[in-house]
$ cat upload_9.txt   # compact mmCIF, C-alpha atoms and all ligand atoms
# COMPACT_ATOMS: atom_id res chain seq x y z
CA MET A 1 7.78 9.15 -2.79
CA LYS A 2 8.59 5.70 -1.50
CA THR A 3 8.58 2.42 -3.40
CA VAL A 4 6.47 -0.13 -1.56
CA LEU A 5 6.13 -3.82 -2.43
CA ILE A 6 3.17 -5.74 -1.02
CA THR A 7 2.41 -9.47 -1.37
CA GLY A 8 -1.14 -10.83 -1.41
CA ALA A 9 -2.13 -7.52 -2.97
CA ASN A 10 -5.24 -8.54 -4.91
CA ARG A 11 -7.75 -8.58 -2.03
CA GLY A 12 -8.27 -8.10 1.69
CA ILE A 13 -5.66 -6.31 3.77
CA GLY A 14 -3.07 -6.41 0.98
CA LEU A 15 -5.43 -4.57 -1.38
CA ALA A 16 -6.22 -1.99 1.31
CA LEU A 17 -2.48 -1.41 1.79
CA VAL A 18 -2.05 -0.90 -1.96
CA GLN A 19 -4.90 1.63 -1.90
CA GLY A 20 -3.54 3.41 1.18
CA PHE A 21 0.06 3.75 -0.04
CA SER A 22 -1.10 4.68 -3.57
CA ALA A 23 -3.43 7.40 -2.22
CA ARG A 24 -0.50 9.24 -0.68
CA GLY A 25 1.54 9.06 -3.85
CA ASP A 26 3.90 6.18 -3.14
CA HIS A 27 4.91 3.87 -5.97
CA VAL A 28 3.35 0.50 -5.20
CA ILE A 29 4.47 -2.83 -6.60
CA ALA A 30 1.47 -5.09 -6.03
CA VAL A 31 2.49 -8.74 -6.00
CA CYS A 32 -0.18 -11.41 -6.35
CA ARG A 33 -1.00 -14.75 -7.88
CA ARG A 34 -3.82 -13.21 -9.94
CA SER A 35 -4.87 -9.60 -10.13
CA SER A 36 -8.40 -8.37 -9.39
CA GLN A 37 -10.55 -5.59 -10.83
CA ALA A 38 -10.14 -3.65 -7.61
CA LEU A 39 -6.34 -3.96 -7.77
CA ASP A 40 -6.22 -3.00 -11.45
CA LYS A 41 -8.15 0.17 -10.58
CA THR A 42 -5.49 1.35 -8.11
CA GLY A 43 -2.94 2.15 -10.82
CA ALA A 44 -0.28 0.19 -8.92
CA GLN A 45 2.43 -1.73 -10.78
CA VAL A 46 0.87 -5.18 -10.72
CA GLU A 47 3.21 -8.16 -10.68
CA ALA A 48 0.94 -11.17 -11.11
CA GLY A 49 1.76 -14.87 -11.28
CA ILE A 50 3.74 -14.84 -8.04
CA ASP A 51 3.03 -17.57 -5.53
CA VAL A 52 5.10 -16.86 -2.41
CA THR A 53 5.97 -20.55 -2.13
CA ASP A 54 7.48 -20.62 -5.63
CA ASP A 55 11.21 -19.85 -5.67
CA ASP A 56 11.37 -19.63 -9.46
CA ALA A 57 8.52 -17.11 -9.59
CA LEU A 58 10.24 -15.03 -6.89
CA ALA A 59 13.56 -15.18 -8.75
CA HIS A 60 11.82 -13.94 -11.90
CA LEU A 61 10.22 -11.15 -9.91
CA ALA A 62 13.63 -10.04 -8.63
CA GLN A 63 14.96 -10.17 -12.18
CA ARG A 64 12.08 -8.06 -13.50
CA LEU A 65 12.56 -5.51 -10.72
CA GLY A 66 16.25 -5.28 -11.62
CA LYS A 67 17.70 -2.09 -10.21
CA SER A 68 14.42 -0.90 -8.61
CA ARG A 69 14.86 -0.08 -4.95
CA ILE A 70 12.22 -1.11 -2.40
CA ASP A 71 11.83 1.20 0.60
CA ILE A 72 8.99 -0.69 2.30
CA LEU A 73 8.34 -4.42 1.85
CA VAL A 74 5.13 -5.82 3.30
CA CYS A 75 4.88 -9.62 3.50
CA ASN A 76 1.13 -9.93 3.79
CA ALA A 77 0.08 -13.07 1.86
CA GLY A 78 -1.29 -15.71 4.19
CA ILE A 79 -3.79 -18.53 4.63
CA LEU A 80 -5.78 -19.89 7.54
CA THR A 81 -7.35 -23.26 8.28
CA ASN A 82 -8.55 -24.59 11.61
CA GLU A 83 -7.32 -27.99 12.76
CA LYS A 84 -9.08 -29.34 15.82
CA LEU A 85 -7.78 -31.80 18.39
CA GLY A 86 -9.16 -35.26 17.60
CA GLY A 87 -9.33 -34.36 13.93
CA ILE A 88 -5.64 -34.10 13.14
CA ASP A 89 -5.77 -36.56 10.23
CA GLN A 90 -3.66 -36.65 7.06
CA ALA A 91 -5.66 -33.84 5.47
CA ALA A 92 -5.28 -31.66 8.56
CA LEU A 93 -1.53 -32.34 8.69
CA GLU A 94 -1.28 -31.36 5.03
CA ASN A 95 -3.12 -28.11 5.81
CA MET A 96 -0.70 -27.46 8.64
CA ARG A 97 2.29 -27.97 6.33
CA ARG A 98 0.70 -25.70 3.73
CA GLN A 99 0.23 -22.92 6.30
CA PHE A 100 3.88 -23.27 7.27
CA GLU A 101 4.89 -22.97 3.60
CA VAL A 102 2.80 -19.84 2.98
CA ASN A 103 2.76 -18.06 6.35
CA THR A 104 6.26 -18.85 7.62
CA LEU A 105 8.50 -19.72 4.69
CA GLY A 106 6.67 -17.33 2.33
CA PRO A 107 7.93 -14.12 4.01
CA LEU A 108 11.45 -15.57 4.40
CA ARG A 109 11.56 -16.56 0.72
CA VAL A 110 10.24 -13.16 -0.40
CA VAL A 111 12.78 -11.24 1.68
CA GLN A 112 15.65 -13.44 0.54
CA ALA A 113 14.65 -13.19 -3.12
CA LEU A 114 14.50 -9.38 -2.90
CA LEU A 115 17.62 -8.74 -0.79
CA ASN A 116 19.35 -6.94 -3.68
CA GLN A 117 16.35 -4.68 -4.24
CA LEU A 118 15.99 -3.53 -0.61
CA SER A 119 17.20 0.03 -0.25
CA GLU A 120 19.57 1.13 2.49
CA HIS A 121 17.36 1.84 5.55
CA ALA A 122 14.44 -0.10 4.04
CA LYS A 123 11.60 -1.28 6.29
CA ILE A 124 10.04 -4.73 6.29
CA GLY A 125 6.60 -5.41 7.75
CA ILE A 126 5.55 -9.00 8.26
CA ILE A 127 1.81 -9.40 8.70
CA THR A 128 1.64 -11.99 11.42
CA SER A 129 -1.17 -12.57 13.93
CA ARG A 130 -1.64 -12.38 17.67
CA MET A 131 -2.82 -15.97 17.21
CA GLY A 132 0.90 -16.74 17.02
CA SER A 133 1.43 -15.31 20.49
CA MET A 134 2.04 -17.88 23.25
CA ALA A 135 1.03 -15.41 25.94
CA ASP A 136 -2.24 -14.63 24.17
CA ASN A 137 -3.36 -18.22 23.50
CA ASP A 138 -6.03 -19.13 26.02
CA SER A 139 -8.51 -20.62 23.56
CA GLY A 140 -6.48 -23.32 21.76
CA GLY A 141 -7.18 -24.90 18.38
CA TYR A 142 -5.90 -23.53 15.06
CA TYR A 143 -2.80 -25.73 15.38
CA GLY A 144 -1.32 -24.94 11.98
CA TYR A 145 -2.14 -21.24 11.87
CA ARG A 146 -0.92 -20.50 15.38
CA ALA A 147 2.29 -22.48 14.86
CA SER A 148 2.97 -20.91 11.46
CA LYS A 149 2.51 -17.38 12.83
CA ALA A 150 4.62 -18.10 15.94
CA ALA A 151 7.30 -19.41 13.58
CA VAL A 152 7.15 -16.36 11.32
CA ASN A 153 7.65 -14.23 14.41
CA ALA A 154 10.91 -16.13 14.94
CA VAL A 155 11.79 -15.56 11.29
CA GLY A 156 11.16 -11.84 11.74
CA LYS A 157 13.44 -11.70 14.79
CA SER A 158 16.29 -13.33 12.87
CA LEU A 159 15.72 -11.06 9.89
CA ALA A 160 15.87 -8.05 12.23
CA ALA A 161 19.26 -9.18 13.56
CA ASP A 162 20.65 -10.15 10.17
CA LEU A 163 19.55 -6.98 8.39
CA LYS A 164 20.49 -4.48 11.11
CA PRO A 165 23.98 -3.95 9.65
CA ARG A 166 22.30 -2.80 6.43
CA GLY A 167 20.13 -0.36 8.39
CA ILE A 168 16.98 -2.36 7.56
CA ALA A 169 14.27 -2.54 10.24
CA VAL A 170 11.79 -5.42 10.53
CA VAL A 171 8.49 -5.38 12.39
CA LEU A 172 5.91 -8.08 13.13
CA LEU A 173 2.41 -6.64 12.79
CA HIS A 174 -0.99 -7.99 13.84
CA PRO A 175 -3.63 -6.20 11.73
CA GLY A 176 -6.57 -6.63 14.13
CA PHE A 177 -9.63 -8.81 13.50
CA VAL A 178 -10.30 -7.63 9.97
CA SER A 179 -13.37 -8.22 7.77
CA THR A 180 -11.84 -10.15 4.88
CA ASP A 181 -12.44 -13.45 3.09
CA MET A 182 -10.03 -15.10 5.54
CA VAL A 183 -12.49 -14.72 8.43
CA ASN A 184 -15.68 -14.86 6.31
CA HIS A 185 -15.99 -11.11 6.81
CA ALA A 186 -16.59 -11.59 10.53
CA GLY A 187 -13.94 -9.09 11.62
CA ASP A 188 -14.62 -5.98 13.67
CA VAL A 189 -12.49 -3.58 11.62
CA SER A 190 -12.51 -2.84 7.89
CA PRO A 191 -9.49 -3.64 5.71
CA GLU A 192 -9.20 0.11 5.01
CA HIS A 193 -8.98 0.92 8.73
CA ALA A 194 -6.45 -1.85 9.32
CA GLY A 195 -4.47 -0.65 6.29
CA THR A 196 -4.31 2.90 7.63
CA GLN A 197 -3.11 1.68 11.02
CA LEU A 198 -0.53 -0.67 9.50
CA ILE A 199 0.87 2.16 7.35
CA GLU A 200 1.17 4.31 10.48
CA ARG A 201 3.10 1.54 12.27
CA LEU A 202 5.45 1.21 9.29
CA ASP A 203 5.96 4.98 9.14
CA ARG A 204 6.92 5.01 12.82
CA LEU A 205 9.23 2.01 12.59
CA ASN A 206 12.90 2.71 13.20
CA LEU A 207 15.99 0.57 13.70
CA LYS A 208 15.72 0.83 17.48
CA ASP A 209 12.31 -0.95 17.37
CA SER A 210 13.41 -3.58 14.87
CA GLY A 211 12.35 -7.10 15.81
CA THR A 212 9.30 -6.10 17.86
CA PHE A 213 5.66 -7.27 17.67
CA TRP A 214 2.76 -4.81 17.50
CA HIS A 215 -0.98 -4.65 17.14
CA ALA A 216 -1.78 -2.29 14.23
CA ASN A 217 -3.54 -0.04 16.77
CA GLY A 218 -0.20 0.82 18.36
CA THR A 219 -0.22 -1.61 21.30
CA PRO A 220 2.95 -3.72 21.73
CA LEU A 221 2.11 -7.44 21.82
CA PRO A 222 3.70 -10.17 23.96
CA TRP A 223 5.41 -13.10 22.22
N1 LIG A 301 -8.29 -10.95 8.61
C1 LIG A 301 -7.85 -11.02 9.85
O1 LIG A 301 -8.62 -10.85 10.83
C2 LIG A 301 -6.39 -11.28 10.13
C3 LIG A 301 -5.98 -11.31 11.47
C4 LIG A 301 -4.63 -11.53 11.76
C5 LIG A 301 -3.74 -11.69 10.72
N2 LIG A 301 -4.18 -11.66 9.42
C6 LIG A 301 -3.16 -11.84 8.37
O2 LIG A 301 -3.28 -10.80 7.42
C7 LIG A 301 -2.78 -11.25 6.15
C8 LIG A 301 -3.80 -10.92 5.07
O3 LIG A 301 -4.99 -11.63 5.35
P1 LIG A 301 -6.44 -11.18 4.84
O4 LIG A 301 -7.31 -11.13 6.03
O5 LIG A 301 -6.34 -10.03 3.93
O6 LIG A 301 -6.84 -12.52 4.03
P2 LIG A 301 -7.45 -12.78 2.59
O7 LIG A 301 -8.49 -11.76 2.27
O8 LIG A 301 -7.82 -14.22 2.60
O9 LIG A 301 -6.23 -12.52 1.61
C9 LIG A 301 -5.11 -13.38 1.62
C10 LIG A 301 -4.16 -12.92 0.55
O10 LIG A 301 -3.02 -13.80 0.56
C11 LIG A 301 -2.82 -14.29 -0.76
N3 LIG A 301 -2.20 -15.61 -0.78
C12 LIG A 301 -2.60 -16.73 -0.15
N4 LIG A 301 -1.78 -17.75 -0.43
C13 LIG A 301 -0.83 -17.26 -1.27
C14 LIG A 301 0.30 -17.80 -1.93
N5 LIG A 301 0.64 -19.10 -1.79
N6 LIG A 301 1.05 -17.00 -2.73
C15 LIG A 301 0.72 -15.70 -2.90
N7 LIG A 301 -0.35 -15.11 -2.31
C16 LIG A 301 -1.11 -15.90 -1.52
C17 LIG A 301 -4.23 -14.33 -1.36
O11 LIG A 301 -4.13 -14.43 -2.76
P3 LIG A 301 -5.19 -15.32 -3.66
O12 LIG A 301 -6.35 -14.41 -3.95
O13 LIG A 301 -4.38 -15.68 -4.86
O14 LIG A 301 -5.59 -16.49 -2.83
C18 LIG A 301 -4.76 -13.00 -0.86
O15 LIG A 301 -4.27 -11.95 -1.64
C19 LIG A 301 -2.51 -12.74 6.32
O16 LIG A 301 -1.13 -12.96 6.52
C20 LIG A 301 -3.30 -13.10 7.55
O17 LIG A 301 -2.77 -14.24 8.21
C21 LIG A 301 -5.47 -11.45 9.11
$ encode --input "upload_9.txt" --output "structure tokens" --more "lines below"
Ligand SMILES: NC(=O)c1ccc[n+]([C@@H]2O[C@H](COP(=O)([O-])OP(=O)(O)OC[C@H]3O[C@@H](n4cnc5c(N)ncnc54)[C@H](OP(=O)(O)O)[C@@H]3O)[C@@H](O)[C@H]2O)c1
Amino acid sequence: MKTVLITGANRGIGLALVQGFSARGDHVIAVCRRSSQALDKTGAQVEAGIDVTDDDALAHLAQRLGKSRIDILVCNAGILTNEKLGGIDQAALENMRRQFEVNTLGPLRVVQALLNQLSEHAKIGIITSRMGSMADNDSGGYYGYRASKAAVNAVGKSLAADLKPRGIAVVLLHPGFVSTDMVNHAGDVSPEHAGTQLIERLDRLNLKDSGTFWHANGTPLPW
């Protein structure tokens, strides 16, 4: 049985990951701002009141976890807004900064806060997006989201290098186009399907592959 910690666990892909890991008997620590009925039903250890941009909340989380050891950490919490050229006003700039706080600095803060809890040979999955890929961007727009996901890919690369001596592997994972609130349920795969594929990617992750970028379906993605 592994201990798995997941952020953004109350809905969407995070909830599906909680359900998937719980179903195979892993101990899941479900981190969220506010729990949901669906999350409460999973039987996971719910740690609510945690905003990934709040250092104090993360420090308290680490304190509460104490000597618990995390084998798999999934940084999943994220937000998306669409800023369009010609409309980059103060509100749009604020949205861009907010996406950077949540999508880029969030995973870095979470990993740093939980460094003492990560087990030897732990695995870290960062849920990024292919929208952060330079090579894949032929449709433009989404200035803040794309930049924040490209930047979290850079964060993941540095984490992979920094944590290698501890035997900890880090992977950047695109979940697919998933039917969740984030995309107004317009995705072409269910959260459950994406969750199953993401768990498979994490199971297969080893130190040799640390710092790489994958589609959940098993295709390597270009930066
Ligand atoms: N859906 C897709 O097609 C797709 C594609 C590529 C990548 N992704 C990525 O997949 C991840 C999960 O997205 P999703 O589709 O499941 O979206 P979602 O249904 O909108 O869920 C987002 C989750 O992130 C949490 N969250 C947002 N801001 C937070 C904060 N400041 N602190 C803590 N938690 C916060 C939300 O919690 P609250 O309920 O408290 O807001 C929620 O649990 C994201 O990183 C997203 O960028 C999704």
$ residues_around --input "upload_9.txt" --residues "Glu47 in chain A" --least-positions-apart "6" --cutoff "7 Å" --atoms "all atoms listed in the file" --output "NGL selection string"
:A and (29-32)
$ residues_near_ligand --input "upload_9.txt" --ligand "ligand LIG 301 (chain A)" --cutoff "6 Å" --atoms "only C-alpha atoms and all ligand atoms" --output "number ranges by chain"
A: 8-14, 32-34, 51-53, 76-79, 102, 127-129, 174-183, 187
$ closest_atom_pairs --input "upload_9.txt" --of "range 19-86 of chain A" --to "range 188-196 of chain A" --cutoff "9 Å" --atoms "all atoms listed in the file" --output "CSV"
residue,atom,partner,partner_atom,distance
A:Gln19,CA,A:Glu192,CA,8.3
A:Gly20,CA,A:Thr196,CA,6.5
A:Phe21,CA,A:Thr196,CA,8.9
$ residues_around --input "upload_9.txt" --residues "Leu207 in chain A" --least-positions-apart "4" --cutoff "12 Å" --atoms "all atoms listed in the file" --output "list of chain:residue names"
A:Glu120, A:His121, A:Ala122, A:Lys123, A:Ile124, A:Ala160, A:Ala161, A:Leu163, A:Lys164, A:Pro165, A:Arg166, A:Gly167, A:Ile168, A:Ala169, A:Val170, A:Val171, A:Leu202, A:Asp203, A:Gly211, A:Thr212
$ atom_distance --input "upload_9.txt" --atom1 "CA of Ala186 in chain A" --atom2 "CA of Ile6 in chain A"
23.6 Å
$ residues_near_point --input "upload_9.txt" --point "(-9.6, -27.4, 13.6)" --cutoff "9 Å" --atoms "only C-alpha atoms" --output "list in words"
Thr81, Asn82, Glu83, Lys84, Leu85, Gly86, Gly87, Ile88, Ala92, Gly141, Tyr142, Tyr143 and Gly144 of chain A
$ write_last_selection --input "upload_9.txt" --atoms "C-alpha atoms" --output "tab-separated table (two decimals), in the frame of the given file"
chain	number	residue	atom	x	y	z
A	81	THR	CA	-7.35	-23.26	8.28
A	82	ASN	CA	-8.55	-24.59	11.61
A	83	GLU	CA	-7.32	-27.99	12.76
A	84	LYS	CA	-9.08	-29.34	15.82
A	85	LEU	CA	-7.78	-31.80	18.39
A	86	GLY	CA	-9.16	-35.26	17.60
A	87	GLY	CA	-9.33	-34.36	13.93
A	88	ILE	CA	-5.64	-34.10	13.14
A	92	ALA	CA	-5.28	-31.66	8.56
A	141	GLY	CA	-7.18	-24.90	18.38
A	142	TYR	CA	-5.90	-23.53	15.06
A	143	TYR	CA	-2.80	-25.73	15.38
A	144	GLY	CA	-1.32	-24.94	11.98
$ residues_around --input "upload_9.txt" --residues "Ala23 in chain A" --least-positions-apart "5" --cutoff "10 Å" --atoms "all atoms listed in the file" --output "list of chain:residue names"
A:Leu17, A:Val18, A:Thr42
$ atom_distance --input "upload_9.txt" --atom1 "CA of Ile126 in chain A" --atom2 "CA of Ala216 in chain A"
11.6 Å
$ closest_residue --input "upload_9.txt" --among "A:Leu80, A:Ile72, A:Ala151, A:Leu39" --to "Val4 in chain A" --atoms "all atoms listed in the file"
A:Ile72
$ residues_around --input "upload_9.txt" --residues "Lys2 in chain A" --least-positions-apart "6" --cutoff "7 Å" --atoms "all atoms listed in the file" --output "list in words"
Asp26, His27 and Asp71 of chain A
$ axis_aligned_box --input "upload_9.txt" --around "range 11-23 of chain A" --padding-each-side "4 Å" --output "JSON"
{"center_x": -4.1, "center_y": -0.6, "center_z": 0.1, "size_x": 16.3, "size_y": 24.0, "size_z": 15.3}
$ atom_distance --input "upload_9.txt" --atom1 "CA of Pro222 in chain A" --atom2 "CA of Ser139 in chain A"
16.1 Å
$ closest_residue --input "upload_9.txt" --among "A:Asn153, A:Gln45, A:Ser36, A:Ser158" --to "Thr3 in chain A" --atoms "all atoms listed in the file"
A:Gln45
$ closest_residue --input "upload_9.txt" --among "A:Ala113, A:Arg24, A:Thr7, A:Phe100" --to "Ala57 in chain A" --atoms "only C-alpha atoms"
A:Ala113
$ closest_residue --input "upload_9.txt" --among "A:Ala147, A:Leu221, A:Ala154, A:Leu115" --to "Gly66 in chain A" --atoms "only C-alpha atoms"
A:Leu115
$ closest_residue --input "upload_9.txt" --among "A:Val155, A:Ala16, A:Ala38, A:Leu61" --to "Leu105 in chain A" --atoms "all atoms listed in the file"
A:Val155
$ closest_residue --input "upload_9.txt" --among "A:Gly49, A:Gly156, A:Gly218, A:Gly132" --to "Val111 in chain A" --atoms "only C-alpha atoms"
A:Gly156
